[in-house]
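Here the structure comes first, spelled out in structure tokens, and everything after it is commentary.
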Amino acid sequence: MKYLMLKHYRGAPTPGGNATPMDRWTPEEVDAHLQYMTDFANRLQSNGEFVDSQALSSEGAFVRNDGEGRPPVTDGPFAETKDLVAGWMVIDVDSWDRAVELAGELSAAPGAGGEPIQEWLEVRPFLTGVPTADG
Amino acid sequence: MNPSVVRDLVPAVIGVLVRRGADFASAEDAVQEALIRALDAWPDDPPRDEKAWLVAVAWRRFLDGARAEASRRDRELAVDLEPPADPGPAADDTLRLYFLCAHPTLPAAPAVALTLRAVGGLTTRQIAAAYLVPEATMAQRIRRAKRRLEGLPLDRPGDLATVLRVLYLVFNEGYGGELDLAAEAVRLARHVVGMTDDPEAAGLLALMLLHHARRASRTRPGGRLVPLAEQDRSRWDTGLITEGVAVLQGALARDRLGEYQAQAAIAALHADAPSTDETDWPQIVEWYDELLALTDSPVVRLNRAVAVGEADGPQAGLAALAEVDPGVPRYAAAAAHLHECAGDRVRAAELYAEAATVAPSVPERDHLTREAARVRAT
């Protein structure tokens with residue numbers, strides 16, 4: 001079953017534990033974090049659970065239609081208060097429990113002081129394209 | 001079975017079918033299908049004459065399609081079923097194929113896709129994988145590109161500049177999954193240089209060779225970026241550098257300077273230097289001046305400011321940077337570097353952090369984040 005793990009810039013309900021921004025960490029802490037992310041993705045690939053992973057630019061805008069013959073309206077750049085997606089990972093796993101386990105691992109990526117960041121990740125099941133026998 | 005030999009045959013086989021009376025779109029489809037069958041069958045059962053095999057299979061496929069179409073439209077088959085013996089391959093045919101695939105009416109992405117298939121001899125699946133889109137999407141992109149080209153004559157010379165631009169785009173893509181697009185671009189650029197006297201074609205080939213020669217040193221395992229000053233120059237391919245310099249010198253001797261030649265000249269000066277400190281930065285700045293006279297591009301102006309910083313010191317570099325539009329990609333990264341060289345580490349760290357948030361790629365973003373951390377730590 002496929003799940004989407006969404007990373008936001010601000011986490012969700014309460015601020016994540018270790019919230020020092022990355023450009024204020026030491027070089028070793030940055031390296032450790034980036035290595036953790038690489039190792040995580042590699043583990044998922046060798047498990048056969050990896051589907052996709054993308055990082056998003058912080059630039060962009062909200063866009064909506066503004067009526068016939070009018071150009072779309074854009075609302076940007078993104079303000080800090082907006083709950084913004086930073087990137088995602090798509091996994092294909094046997095159960096919700098496994099998706100939760102993996103999200104927990106990803107949330108433990110080390111940050112400042114080598115401590116796990118423990119940010120909230122949003123985990124969402126895909127709707128399937130066609131009805132399944134047991135679904 | 002050497003893939004690049006097989007790929008070389010594809011445009012020639014399309015040319016044969018077209019000379020027999022097939023329209024370009026159907027011929028290209030038929031050859032693509034023959035190629036896919038070849039890739040599947042040849043490892044176990046290699047043909048005696050690869051080109052003849054492809055021609056026979058593609059022609060049969062084309063006829064099947066043409067008959068079905070003719071009966072669907074209740075029309076006569078417009079093609080001579082008993083073609084004359086084929087004349088030898090004409091280099092002109094292949095060059096015209098390049099012109100057609102890179103036609104100015106096509107947007108960049110379809111031109112790239114069609115060029116890689118019809119001229120590059122790659123399969124739709126390979127191209128889709130390289131550009132990370134579904135195979136069906138890439139197939140449709142190519143189908144629509146050919147529809148736009150319907151009715152355009154194959155017998156007139158076209159716009160070499162658009163062909164070069166397409167090859168440049170392919171080269172810049174670098175690795176596309178398992179496909180080495182940069183290597184494919186070099187291969188196609190060599191063909192074009194073999195078919196035309198234009199010094200800009202040679203300039204582009206030289207630029208590619210000089211850039212490609214240094215590729216191994218630009219990333220660490222895992223994709224981590226290595227800045228120029230830290231690159232291990234012993235990993236540079238001296239054979240490609242020598243060839244690139246020779247091709248460039250031949251182009252410059254024709255005294256018709258263009259953008260690619262100027263860019264290649266800058267690349268040659270880098271490739272020629274034992275270290276960043278020993279690089280002839282003043283000469284590089286002069287070449288950037290030539291390039292600006294040719295294009296007036298803000299990106300070129302930015303790169304020139306960095307070179308000025310190396311040649312005349314960071315304050316001069318910052319002064320040059322002040323004349324660049326701050327909206328240009330990588331502006332913050334360049335500013336960060338210059339401020340660090342000028343000794344303003346606080347401002348440099350802020351700028352590296354800002355540059356990281358607007359970096360267009362993950363490796364650059366990670367590199368700039370590391371730089372911000374590094375500068376803050378000292």
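Naming works like this for the structure tokens: A, B, ... for the chains as they're shown, residue 1 at the start of each chain, ligands 1 onward in shown order.
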Which residues of chain B come within 8 Å of chain A, and what is each one's closest atom pair and distance in Å (one decimal), counting only C-alpha atoms, sorted by chain and residue number, as a Markdown table?
| residue | atom | partner | partner_atom | distance |
| --- | --- | --- | --- | --- |
| B:Ala353 | CA | A:Asp23 | CA | 5.7 |
| B:Thr357 | CA | A:Ser58 | CA | 6.4 |
| B:Val358 | CA | A:Ser57 | CA | 6.5 |
| B:Ala359 | CA | A:Ser57 | CA | 7.4 |
| B:Pro360 | CA | A:Ser57 | CA | 6.9 |
| B:Val362 | CA | A:Ala55 | CA | 7.2 |
| B:Asp366 | CA | A:Leu34 | CA | 7.7 |
| B:Thr369 | CA | A:Asp23 | CA | 5.7 |
| B:Arg370 | CA | A:Pro27 | CA | 5.7 |
| B:Glu371 | CA | A:Pro27 | CA | 7.9 |
| B:Ala372 | CA | A:Asp23 | CA | 5.7 |
| B:Ala373 | CA | A:Pro27 | CA | 5.1 |
| B:Arg374 | CA | A:Pro27 | CA | 5.5 |
| B:Arg376 | CA | A:Arg24 | CA | 7.4 |
| B:Ala377 | CA | A:Thr26 | CA | 6.3 |
**OP:** May I have the residues within 12 Å of Tyr131 in chain B as a list in words, using only C-alpha atoms and disregarding those fewer than 5 positions away in the same chain?
**Re:** Ala109, Pro110, Val112, Ala113, Leu116, Thr124, Arg125, Gln126, Thr137, Met138, Leu169, Val170, Glu173, Gly174, Tyr175, Gly176, Gly177, Glu178, Leu179, Asp180 and Leu181 of chain B
Residues from the last selection, N, CA, C and O atoms, saved as a CSV table (one decimal), in the first residue's frame:
chain,number,residue,atom,x,y,z
B,109,ALA,N,11.4,20.9,-24.9
B,109,ALA,CA,11.2,19.6,-24.4
B,109,ALA,C,10.9,18.6,-25.6
B,109,ALA,O,11.5,17.5,-25.7
B,110,PRO,N,9.9,18.9,-26.4
B,110,PRO,CA,9.6,17.9,-27.5
B,110,PRO,C,10.8,17.8,-28.5
B,110,PRO,O,11.0,16.8,-29.0
B,112,VAL,N,14.0,18.1,-27.8
B,112,VAL,CA,15.0,17.2,-27.2
B,112,VAL,C,14.5,15.8,-27.3
B,112,VAL,O,15.3,14.9,-27.7
B,113,ALA,N,13.3,15.5,-27.0
B,113,ALA,CA,12.8,14.1,-27.0
B,113,ALA,C,12.9,13.5,-28.4
B,113,ALA,O,13.4,12.4,-28.6
B,116,LEU,N,16.5,13.0,-29.5
B,116,LEU,CA,17.1,11.8,-28.9
B,116,LEU,C,16.6,10.5,-29.5
B,116,LEU,O,17.4,9.5,-29.5
B,124,THR,N,12.0,5.2,-26.5
B,124,THR,CA,11.2,6.1,-25.7
B,124,THR,C,11.3,5.8,-24.2
B,124,THR,O,11.4,6.7,-23.4
B,125,ARG,N,11.5,4.5,-23.9
B,125,ARG,CA,11.6,4.1,-22.5
B,125,ARG,C,12.9,4.7,-21.9
B,125,ARG,O,12.9,5.2,-20.8
B,126,GLN,N,14.0,4.6,-22.7
B,126,GLN,CA,15.2,5.2,-22.2
B,126,GLN,C,15.1,6.7,-21.9
B,126,GLN,O,15.6,7.2,-20.9
B,137,THR,N,3.9,9.3,-21.3
B,137,THR,CA,3.9,10.7,-21.4
B,137,THR,C,5.0,11.1,-22.5
B,137,THR,O,4.8,12.0,-23.3
B,138,MET,N,6.1,10.4,-22.4
B,138,MET,CA,7.2,10.7,-23.4
B,138,MET,C,6.8,10.3,-24.8
B,138,MET,O,7.0,11.1,-25.8
B,169,LEU,N,21.2,21.5,-24.3
B,169,LEU,CA,20.2,21.1,-23.3
B,169,LEU,C,20.4,19.7,-22.9
B,169,LEU,O,20.4,19.4,-21.7
B,170,VAL,N,20.6,18.8,-23.8
B,170,VAL,CA,20.8,17.4,-23.5
B,170,VAL,C,22.1,17.2,-22.7
B,170,VAL,O,22.1,16.5,-21.7
B,173,GLU,N,21.9,18.1,-19.0
B,173,GLU,CA,21.1,17.2,-18.2
B,173,GLU,C,22.0,16.3,-17.4
B,173,GLU,O,21.7,15.8,-16.3
B,174,GLY,N,23.2,16.0,-18.0
B,174,GLY,CA,24.1,15.1,-17.3
B,174,GLY,C,23.7,13.7,-17.3
B,174,GLY,O,23.3,13.1,-18.3
B,175,TYR,N,23.7,13.1,-16.1
B,175,TYR,CA,23.2,11.7,-16.0
B,175,TYR,C,21.7,11.7,-15.9
B,175,TYR,O,21.1,12.4,-15.2
B,176,GLY,N,21.0,10.9,-16.7
B,176,GLY,CA,19.6,10.7,-16.6
B,176,GLY,C,19.4,9.3,-16.2
B,176,GLY,O,19.2,8.4,-17.1
B,177,GLY,N,19.3,9.0,-14.9
B,177,GLY,CA,19.2,7.6,-14.5
B,177,GLY,C,20.4,6.8,-15.0
B,177,GLY,O,21.5,7.1,-14.7
B,178,GLU,N,20.1,5.8,-15.8
B,178,GLU,CA,21.2,4.9,-16.3
B,178,GLU,C,21.9,5.5,-17.5
B,178,GLU,O,22.9,5.0,-18.0
B,179,LEU,N,21.2,6.5,-18.1
B,179,LEU,CA,21.6,7.0,-19.4
B,179,LEU,C,22.6,8.1,-19.2
B,179,LEU,O,22.3,9.0,-18.4
B,180,ASP,N,23.7,8.1,-19.8
B,180,ASP,CA,24.7,9.2,-19.7
B,180,ASP,C,24.3,10.2,-20.8
B,180,ASP,O,24.9,10.1,-21.9
B,181,LEU,N,23.4,11.1,-20.5
B,181,LEU,CA,23.0,12.1,-21.6
B,181,LEU,C,24.1,13.0,-22.0
B,181,LEU,O,24.2,13.4,-23.2
Original post:
So what do you get for CA of Cys101 in chain B versus CA of Trp42 in chain B, distance-wise?
Top reply: 27.7 Å
Original post:
Within 10 Å of Leu106 in chain A, counting only C-alpha atoms, which residues qualify if same-chain residues fewer than 5 places away don't, as a ChimeraX atom specification?
Top reply: /A:5,7,36-37,40-41,100-101,116-121
Could you write out that same residue set with N, CA, C and O atoms as a PDB file, in the first residue's frame?
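For reference, part-v5.pdb as written:
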ATOM      1  N   MET A   5       4.594  10.535   2.735  1.00  0.00           N
ATOM      2  CA  MET A   5       5.098  11.180   3.949  1.00  0.00           C
ATOM      3  C   MET A   5       5.471  12.607   3.566  1.00  0.00           C
ATOM      4  O   MET A   5       6.366  12.811   2.746  1.00  0.00           O
ATOM      5  N   LYS A   7       6.794  16.403   4.458  1.00  0.00           N
ATOM      6  CA  LYS A   7       7.605  17.183   5.386  1.00  0.00           C
ATOM      7  C   LYS A   7       7.181  18.630   5.206  1.00  0.00           C
ATOM      8  O   LYS A   7       7.099  19.133   4.085  1.00  0.00           O
ATOM      9  N   TYR A  36      22.144  10.869   7.292  1.00  0.00           N
ATOM     10  CA  TYR A  36      21.005  10.116   7.822  1.00  0.00           C
ATOM     11  C   TYR A  36      19.912   9.997   6.773  1.00  0.00           C
ATOM     12  O   TYR A  36      19.331   8.931   6.568  1.00  0.00           O
ATOM     13  N   MET A  37      19.626  11.120   6.085  1.00  0.00           N
ATOM     14  CA  MET A  37      18.565  11.122   5.072  1.00  0.00           C
ATOM     15  C   MET A  37      18.932  10.200   3.914  1.00  0.00           C
ATOM     16  O   MET A  37      18.094   9.438   3.413  1.00  0.00           O
ATOM     17  N   PHE A  40      18.654   6.581   5.045  1.00  0.00           N
ATOM     18  CA  PHE A  40      17.248   6.194   5.153  1.00  0.00           C
ATOM     19  C   PHE A  40      16.677   5.820   3.788  1.00  0.00           C
ATOM     20  O   PHE A  40      16.056   4.766   3.625  1.00  0.00           O
ATOM     21  N   ALA A  41      16.926   6.683   2.817  1.00  0.00           N
ATOM     22  CA  ALA A  41      16.418   6.420   1.465  1.00  0.00           C
ATOM     23  C   ALA A  41      17.040   5.140   0.892  1.00  0.00           C
ATOM     24  O   ALA A  41      16.350   4.334   0.260  1.00  0.00           O
ATOM     25  N   VAL A 100       3.932   4.019   9.767  1.00  0.00           N
ATOM     26  CA  VAL A 100       4.156   4.793  10.987  1.00  0.00           C
ATOM     27  C   VAL A 100       5.578   4.584  11.498  1.00  0.00           C
ATOM     28  O   VAL A 100       6.275   5.523  11.908  1.00  0.00           O
ATOM     29  N   GLU A 101       6.021   3.313  11.449  1.00  0.00           N
ATOM     30  CA  GLU A 101       7.383   2.994  11.902  1.00  0.00           C
ATOM     31  C   GLU A 101       8.412   3.774  11.093  1.00  0.00           C
ATOM     32  O   GLU A 101       9.353   4.363  11.639  1.00  0.00           O
ATOM     33  N   PRO A 116      17.819  14.136  17.871  1.00  0.00           N
ATOM     34  CA  PRO A 116      16.774  13.914  16.863  1.00  0.00           C
ATOM     35  C   PRO A 116      15.828  15.109  16.785  1.00  0.00           C
ATOM     36  O   PRO A 116      15.431  15.662  17.809  1.00  0.00           O
ATOM     37  N   ILE A 117      15.505  15.517  15.561  1.00  0.00           N
ATOM     38  CA  ILE A 117      14.667  16.699  15.368  1.00  0.00           C
ATOM     39  C   ILE A 117      13.234  16.432  15.834  1.00  0.00           C
ATOM     40  O   ILE A 117      12.588  17.296  16.391  1.00  0.00           O
ATOM     41  N   GLN A 118      12.768  15.228  15.607  1.00  0.00           N
ATOM     42  CA  GLN A 118      11.425  14.817  16.050  1.00  0.00           C
ATOM     43  C   GLN A 118      10.320  15.696  15.473  1.00  0.00           C
ATOM     44  O   GLN A 118       9.312  15.951  16.136  1.00  0.00           O
ATOM     45  N   GLU A 119      10.520  16.149  14.243  1.00  0.00           N
ATOM     46  CA  GLU A 119       9.457  16.960  13.663  1.00  0.00           C
ATOM     47  C   GLU A 119       8.276  16.070  13.288  1.00  0.00           C
ATOM     48  O   GLU A 119       8.419  14.876  13.019  1.00  0.00           O
ATOM     49  N   TRP A 120       7.102  16.706  13.241  1.00  0.00           N
ATOM     50  CA  TRP A 120       5.911  16.011  12.783  1.00  0.00           C
ATOM     51  C   TRP A 120       6.024  15.781  11.274  1.00  0.00           C
ATOM     52  O   TRP A 120       6.382  16.674  10.518  1.00  0.00           O
ATOM     53  N   LEU A 121       5.695  14.583  10.861  1.00  0.00           N
ATOM     54  CA  LEU A 121       5.564  14.292   9.430  1.00  0.00           C
ATOM     55  C   LEU A 121       4.110  13.934   9.169  1.00  0.00           C
ATOM     56  O   LEU A 121       3.466  13.286   9.983  1.00  0.00           O
TER      57      LEU A 121
END
**OP:** Just list the residues in range 169-322 of chain B DSSP gives strand (DSSP E) on the backbone, as number ranges by chain.
**Re:** B: 175-176, 179-180
